[in-house]
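Report on the structure given below.
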Amino acid sequence: MKEKSIGLLNKAVADELSAVHQYMYFHFHCDDLGYDLLSNLFKRTAIEEMLHVEKLAERILFLKGDVEMKPAEDVQKIHDVKQMLEMAVKMELGSANDYNKWANECSQNADSVSKKIFEALVEEEERHFDQFDKETENLTKFGDNYLALQSIERSKIIGAGRPTAQ
């Protein structure tokens, strides 16, 4: 029973670590381009994914397992904002679907605590999906003007002598 849960929890750790790395990569590039709104969204989401890793690791250790700190995938070097958002939407949907399945598997193995952890993660991944989906819709609706407005906002802040958010 607990070996199955430990395996599923470690798969989730790998998934979350991949998301942390990918979102930080996107954060760096959006920040470099002056897209503060998107940069901060990717950074905030990466931090939330790190908290997911912590929650999963605590459960693995409680079950007397070892935490495998290997990302599931390498970072994809995407520089196009639309492609970044499309990838983020796909990643969040995939995680929500996996975690739903894994919650059911934990339930079948009489591990209600791991089941609850996965269910809570589904809710958070769906929230991330919704945020990235809305940004994708904004980009589709407003095109490059959407990105230009973010860049202009940063220029106005710098021009006024105020520090930019870090």
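In the structure tokens, each chain is lettered A, B, ... as it comes, each chain's residues begin at 1, and ligands are numbered from 1 in order of appearance.
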Surrounding residues of Lys90 (chain A) excluding itself and chain neighbours under 5 positions, 12 Å, only C-alpha atoms, as a VMD selection string: chain A and resid 19 83 to 85 95 to 97 125 to 126 128 to 130 132 to 133 136
Region 31-48 of chain A surroundings by only C-alpha atoms, 7 Å radius, close-in-sequence under 4 positions cut, as an NGL selection string: :A and (19-20 or 23-24 or 26-27 or 52 or 147 or 150-151 or 154)
Within 7 Å of region 98-113 of chain A using only C-alpha atoms, minus same-chain residues under 6 positions, as a ChimeraX atom specification: /A:1,5,8,119,122
Any chance you could export the current selection's C-alpha atoms as a PDB file, in the first residue's frame?
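File produced: out_25.pdb:
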```pdb
ATOM      1  CA  MET A   1       0.000   0.000   0.000  1.00  0.00           C
ATOM      2  CA  SER A   5       1.577   5.912  -2.626  1.00  0.00           C
ATOM      3  CA  LEU A   8       2.806   8.259  -6.979  1.00  0.00           C
ATOM      4  CA  GLU A 119      -7.261  16.349  -4.323  1.00  0.00           C
ATOM      5  CA  VAL A 122      -5.973  19.257  -8.291  1.00  0.00           C
TER       6      VAL A 122
END
```
Pick from A:Ile78, A:Ala88, A:Leu149, A:Ile60, whichever lies nearest to Asn10 (chain A) using only C-alpha atoms: A:Ile60
Counting only C-alpha atoms, the option among A:Lys82, A:Glu92, A:Met69, A:Leu121 closest to Gly143 (chain A): A:Lys82
Pick from A:Leu61, A:Val81, A:Leu56, A:Ile6, whichever lies nearest to Ile117 (chain A) using only C-alpha atoms: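 For Ile117 (chain A), the nearest of the candidates is A:Leu56.
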